[in-house]
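my_file.cif follows; it contains mmCIF, C-alpha atoms.
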```cif
data_structure
loop_
_atom_site.label_atom_id
_atom_site.label_comp_id
_atom_site.auth_asym_id
_atom_site.auth_seq_id
_atom_site.Cartn_x
_atom_site.Cartn_y
_atom_site.Cartn_z
CA MET A 874 -143.95 -30.52 -75.05
CA GLY A 875 -142.81 -30.08 -71.45
CA THR A 876 -143.51 -26.94 -69.48
CA GLN A 877 -140.70 -24.40 -69.36
CA ILE A 878 -139.89 -22.85 -65.99
CA GLN A 879 -140.42 -19.09 -65.96
CA TRP A 880 -137.35 -17.85 -64.07
CA GLU A 881 -137.18 -14.59 -62.18
CA THR A 882 -133.82 -12.80 -62.32
CA SER A 883 -134.15 -10.41 -59.35
CA LEU A 884 -134.22 -11.50 -55.70
CA THR A 885 -136.29 -8.43 -54.79
CA THR A 886 -138.96 -9.36 -57.34
CA ALA A 887 -138.83 -13.03 -56.30
CA LYS A 888 -139.29 -12.11 -52.60
CA ALA A 889 -142.31 -9.92 -53.37
CA LYS A 890 -143.86 -12.65 -55.53
CA ALA A 891 -143.12 -15.32 -52.90
CA LYS A 892 -144.77 -13.20 -50.22
CA ARG A 893 -147.79 -12.53 -52.41
CA GLU A 894 -148.24 -16.17 -53.48
CA LYS A 895 -147.19 -17.65 -50.10
CA LYS A 896 -144.40 -19.68 -51.72
CA LEU A 897 -140.74 -20.31 -51.09
CA ILE A 898 -137.97 -19.25 -53.46
CA LEU A 899 -135.83 -21.72 -55.40
CA MET A 900 -132.61 -19.81 -56.15
CA ASP A 901 -130.41 -21.45 -58.79
CA PHE A 902 -126.86 -20.17 -59.25
CA TYR A 903 -125.67 -21.23 -62.70
CA ASN A 904 -122.58 -20.74 -64.80
CA ASN A 905 -122.36 -20.98 -68.58
CA LEU A 906 -118.92 -22.51 -69.09
CA MET B 349 -145.70 -34.65 -60.89
CA ASN B 350 -142.67 -33.74 -63.01
CA VAL B 351 -139.87 -31.44 -61.91
CA CYS B 352 -141.25 -28.32 -63.64
CA ALA B 353 -144.73 -28.79 -62.17
CA SER B 354 -143.27 -29.37 -58.72
CA VAL B 355 -141.19 -26.19 -58.98
CA GLU B 356 -144.08 -24.07 -60.26
CA LYS B 357 -146.47 -25.33 -57.57
CA ASN B 358 -144.25 -24.70 -54.56
CA PHE B 359 -141.61 -22.14 -55.48
CA VAL B 360 -140.85 -18.86 -57.16
CA PRO B 361 -137.93 -19.89 -59.40
CA LEU B 362 -135.01 -17.46 -59.46
CA GLN B 363 -131.91 -17.88 -61.60
CA ILE B 364 -128.68 -16.02 -60.88
CA ASP B 365 -125.70 -15.95 -63.25
CA PHE B 366 -122.69 -16.84 -61.08
CA ASN B 367 -120.47 -14.42 -63.04
CA LYS B 368 -122.86 -11.47 -62.96
CA GLY B 369 -124.67 -11.72 -59.63
CA LYS B 370 -121.63 -10.98 -57.50
CA ALA B 371 -123.56 -9.44 -54.59
CA LEU B 372 -125.76 -12.54 -54.18
CA VAL B 373 -122.81 -14.90 -54.76
CA LYS B 374 -121.04 -13.17 -51.86
CA ARG B 375 -124.15 -12.86 -49.64
CA TYR B 376 -124.93 -16.59 -49.90
CA SER B 377 -121.26 -17.73 -50.05
CA VAL B 378 -121.67 -19.59 -53.33
CA LYS B 379 -118.44 -21.16 -54.59
CA TRP B 380 -119.54 -23.67 -57.21
CA THR B 381 -122.38 -24.24 -59.66
CA PRO B 382 -125.04 -25.34 -59.84
CA THR B 383 -125.90 -24.35 -56.27
CA ILE B 384 -129.60 -24.51 -55.42
CA ILE B 385 -130.76 -22.65 -52.31
CA ILE B 386 -134.27 -22.73 -50.84
CA LEU B 387 -135.23 -19.36 -49.33
CA ASP B 388 -138.30 -18.02 -47.60
CA SER B 389 -139.92 -14.79 -48.77
CA ASP B 390 -137.60 -12.77 -46.49
CA GLY B 391 -134.52 -14.24 -48.18
CA ASN B 392 -133.56 -16.54 -45.30
CA GLU B 393 -131.86 -19.77 -46.34
CA HIS B 394 -133.33 -23.14 -45.25
CA HIS B 395 -131.64 -25.71 -47.48
CA ARG B 396 -129.04 -25.98 -50.23
CA PHE B 397 -127.55 -28.58 -52.50
CA ILE B 398 -124.78 -28.50 -55.05
CA GLY B 399 -124.35 -30.32 -58.35
CA PHE B 400 -126.52 -31.87 -61.03
CA LEU B 401 -129.03 -34.48 -59.85
CA PRO B 402 -131.35 -36.89 -61.69
CA PRO B 403 -135.01 -35.76 -61.69
CA GLU B 404 -136.15 -37.95 -58.76
CA ASP B 405 -133.28 -36.87 -56.51
CA PHE B 406 -133.73 -33.25 -57.55
CA THR B 407 -137.44 -33.32 -56.74
CA ALA B 408 -136.78 -35.07 -53.41
CA GLN B 409 -134.27 -32.34 -52.51
CA LEU B 410 -136.86 -29.66 -53.33
CA ILE B 411 -139.45 -31.30 -51.08
CA LEU B 412 -136.81 -31.70 -48.36
CA GLY B 413 -136.04 -27.99 -48.65
CA LYS B 414 -139.72 -27.13 -48.37
CA GLY B 415 -140.03 -29.40 -45.33
CA LYS B 416 -137.02 -27.82 -43.64
CA ALA B 417 -138.36 -24.33 -44.32
CA GLU B 418 -141.73 -25.29 -42.79
CA PHE B 419 -139.87 -26.86 -39.85
CA ASP B 420 -137.78 -23.71 -39.30
CA LEU B 421 -140.97 -21.62 -39.37
CA ASP B 422 -142.53 -23.88 -36.68
CA HIS B 423 -145.10 -25.24 -39.18
CA PHE B 424 -144.57 -28.79 -37.97
CA GLU B 425 -147.64 -30.43 -39.51
CA GLN B 426 -146.75 -29.07 -42.95
CA ALA B 427 -143.14 -30.17 -42.44
CA ILE B 428 -144.30 -33.69 -41.49
CA GLN B 429 -146.31 -33.88 -44.73
CA CYS B 430 -143.22 -32.99 -46.79
CA PHE B 431 -140.97 -35.53 -45.07
CA GLN B 432 -143.63 -38.24 -45.41
CA GLU B 433 -144.01 -37.41 -49.10
CA ILE B 434 -140.28 -38.00 -49.68
CA LEU B 435 -140.36 -41.32 -47.84
CA GLY B 436 -143.48 -42.41 -49.71
CA ARG B 437 -142.51 -41.31 -53.24
CA TYR B 438 -138.71 -41.31 -53.19
CA PRO B 439 -137.56 -43.80 -50.52
CA LYS B 440 -134.34 -44.53 -52.42
CA ALA B 441 -133.36 -40.88 -52.93
CA ASP B 442 -130.30 -39.52 -51.13
CA ALA B 443 -132.61 -37.04 -49.38
CA ALA B 444 -134.69 -39.83 -47.80
CA PRO B 445 -132.56 -40.58 -44.68
CA GLU B 446 -132.46 -36.87 -43.81
CA ALA B 447 -136.23 -36.73 -44.34
CA GLN B 448 -136.67 -39.68 -41.96
CA TYR B 449 -134.49 -37.94 -39.35
CA TYR B 450 -136.44 -34.69 -39.60
CA LEU B 451 -139.75 -36.57 -39.61
CA GLY B 452 -138.98 -37.92 -36.14
CA VAL B 453 -137.83 -34.51 -34.92
CA ALA B 454 -140.87 -32.70 -36.39
CA LYS B 455 -143.24 -35.24 -34.83
CA TYR B 456 -141.52 -34.66 -31.48
CA LYS B 457 -141.76 -30.88 -31.86
CA ALA B 458 -145.45 -31.17 -32.77
CA SER B 459 -146.34 -33.55 -29.94
CA HIS B 460 -143.65 -32.95 -27.26
CA ASP B 461 -143.51 -36.75 -26.99
CA PRO B 462 -139.84 -37.91 -26.83
CA LYS B 463 -140.94 -41.36 -27.97
CA GLN B 464 -141.25 -39.91 -31.50
CA LEU B 465 -137.47 -39.43 -31.58
CA LYS B 466 -136.92 -43.06 -30.63
CA LEU B 467 -139.42 -44.23 -33.26
CA GLY B 468 -137.56 -42.11 -35.80
CA LEU B 469 -134.29 -43.80 -34.88
CA GLU B 470 -135.88 -47.25 -35.23
CA ALA B 471 -137.10 -46.35 -38.74
CA LEU B 472 -133.64 -45.05 -39.66
CA ARG B 473 -131.94 -48.21 -38.37
CA LYS B 474 -134.38 -50.37 -40.35
CA ASP B 475 -134.38 -48.52 -43.68
CA TYR B 476 -131.09 -46.56 -43.73
CA PRO B 477 -128.67 -48.40 -41.41
CA ASN B 478 -125.52 -46.91 -43.01
CA SER B 479 -126.67 -43.30 -43.19
CA GLU B 480 -124.98 -40.43 -41.35
CA TRP B 481 -128.49 -39.45 -40.22
CA THR B 482 -128.82 -42.78 -38.41
CA LYS B 483 -125.56 -42.02 -36.60
CA LYS B 484 -126.85 -38.56 -35.67
CA ALA B 485 -130.00 -40.12 -34.17
CA GLN B 486 -128.19 -42.83 -32.14
CA VAL B 487 -128.43 -40.79 -28.96
CA TYR B 488 -132.23 -41.16 -29.04
CA ALA B 489 -131.75 -44.84 -28.13
CA LEU B 490 -131.18 -43.59 -24.57
CA ILE B 491 -134.74 -42.29 -24.36
CA PRO B 492 -136.67 -44.61 -22.00
#
```

Show the structure stored in the file as structure tokens.
Amino acid sequence: MGTQIQWETSLTTAKAKAKREKKLILMDFYNNL
Amino acid sequence: MNVCASVEKNFVPLQIDFNKGKALVKRYSVKWTPTIIILDSDGNEHHRFIGFLPPEDFTAQLILGKGKAEFDLDHFEQAIQCFQEILGRYPKADAAPEAQYYLGVAKYKASHDPKQLKLGLEALRKDYPNSEWTKKAQVYALIP
């Protein structure tokens, strides 16, 4: 089985995590048609 | 490395519903989906791409985004590593000519040697003669 990506849903949380882990943020805007 | 592993290693993944995240849609001027934006931890944008891509092109775009973020932050050696990784692993990806362009520029910024720009142009002319990035680098031919 492939690994599932664990998505954040809040930019504030993602920024704090990115700062803590010294990573960038991949922000994906999606639309369920 | 597959797409998921590449994402987990380098990024905090954040998903925003286009219909619910109106404030972020407006802030980042998103008009179509999927739109992928690479941000630093302060929320500054460094790269974006729109539309569905096959895994290799998607991964190459992610590495390009990481390279451009490192470049913007003046981390030129790290940026060079990213651009070289694209050219080594995904030379046929659509992101590759842009990576070659930025590789020459990052090497120049790291060394202050203008010859790096000319070498970058030569590589673009050889490997990506019809790319817009080759056109953008034409002026470097004037460097003695």

Select from chain B every residue with an atom at most 9 Å from any atom of chain A, then for each give the shortest pair of atoms and their distance in Å to one decimal, using all atoms listed in the file, rows by chain and rising number, as a tab-separated table.
```
residue	atom	partner	partner_atom	distance
B:Cys352	CA	A:Ile878	CA	6.1
B:Ala353	CA	A:Thr876	CA	7.6
B:Val355	CA	A:Leu899	CA	7.8
B:Glu356	CA	A:Ile878	CA	7.2
B:Lys357	CA	A:Lys896	CA	8.4
B:Asn358	CA	A:Lys896	CA	5.8
B:Phe359	CA	A:Leu897	CA	4.8
B:Val360	CA	A:Ile898	CA	4.7
B:Pro361	CA	A:Leu899	CA	4.9
B:Leu362	CA	A:Glu881	CA	4.5
B:Gln363	CA	A:Asp901	CA	4.8
B:Ile364	CA	A:Phe902	CA	4.8
B:Asp365	CA	A:Tyr903	CA	5.3
B:Phe366	CA	A:Asn904	CA	5.4
B:Asn367	CA	A:Asn904	CA	6.9
B:Gly369	CA	A:Phe902	CA	8.7
B:Leu372	CA	A:Leu884	CA	8.7
B:Val373	CA	A:Phe902	CA	8.0
B:Val378	CA	A:Phe902	CA	7.9
B:Trp380	CA	A:Phe902	CA	8.4
B:Thr381	CA	A:Tyr903	CA	5.4
B:Pro382	CA	A:Tyr903	CA	5.0
B:Thr383	CA	A:Phe902	CA	5.2
B:Ile384	CA	A:Asp901	CA	4.6
B:Ile385	CA	A:Met900	CA	5.1
B:Ile386	CA	A:Leu899	CA	4.9
B:Leu387	CA	A:Ile898	CA	5.0
B:Asp388	CA	A:Leu897	CA	4.8
B:Ser389	CA	A:Lys888	CA	4.7
B:Asp390	CA	A:Lys888	CA	6.4
B:Gly391	CA	A:Lys888	CA	6.8
B:Leu410	CA	A:Leu899	CA	8.3
B:Lys414	CA	A:Leu897	CA	7.4
B:Ala417	CA	A:Leu897	CA	8.2
```

Self-check item: Residue IDs satisfying the PyMOL selection byres ((chain B and resi 435-439) around 10), as JSON, numbers by chain
Solution: {"B": [404, 405, 407, 408, 430, 431, 432, 433, 434, 440, 441, 442, 443, 444, 445, 446, 447, 448, 451, 475, 476]}

Self-check item: Distance in Å - atom CA of Ala489 of chain B versus atom CA of Lys466 of chain B
Solution: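 Atom CA of Lys466 of chain B lies 6.0 Å from atom CA of Ala489 of chain B.
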
Quiz item: Could you state the separation of atom CA of Gln429 of chain B and atom CA of Gly399 of chain B in Å, given to one decimal place?
Solution: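 If I compute the distance from atom CA of Gln429 of chain B to atom CA of Gly399 of chain B, I get 26.1 Å.
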
Quiz item: For Arg473 of chain B, which residue among B:Lys374, B:Leu421, B:Asp461, B:Tyr449 is the nearest when counting only C-alpha atoms?
Solution: B:Tyr449
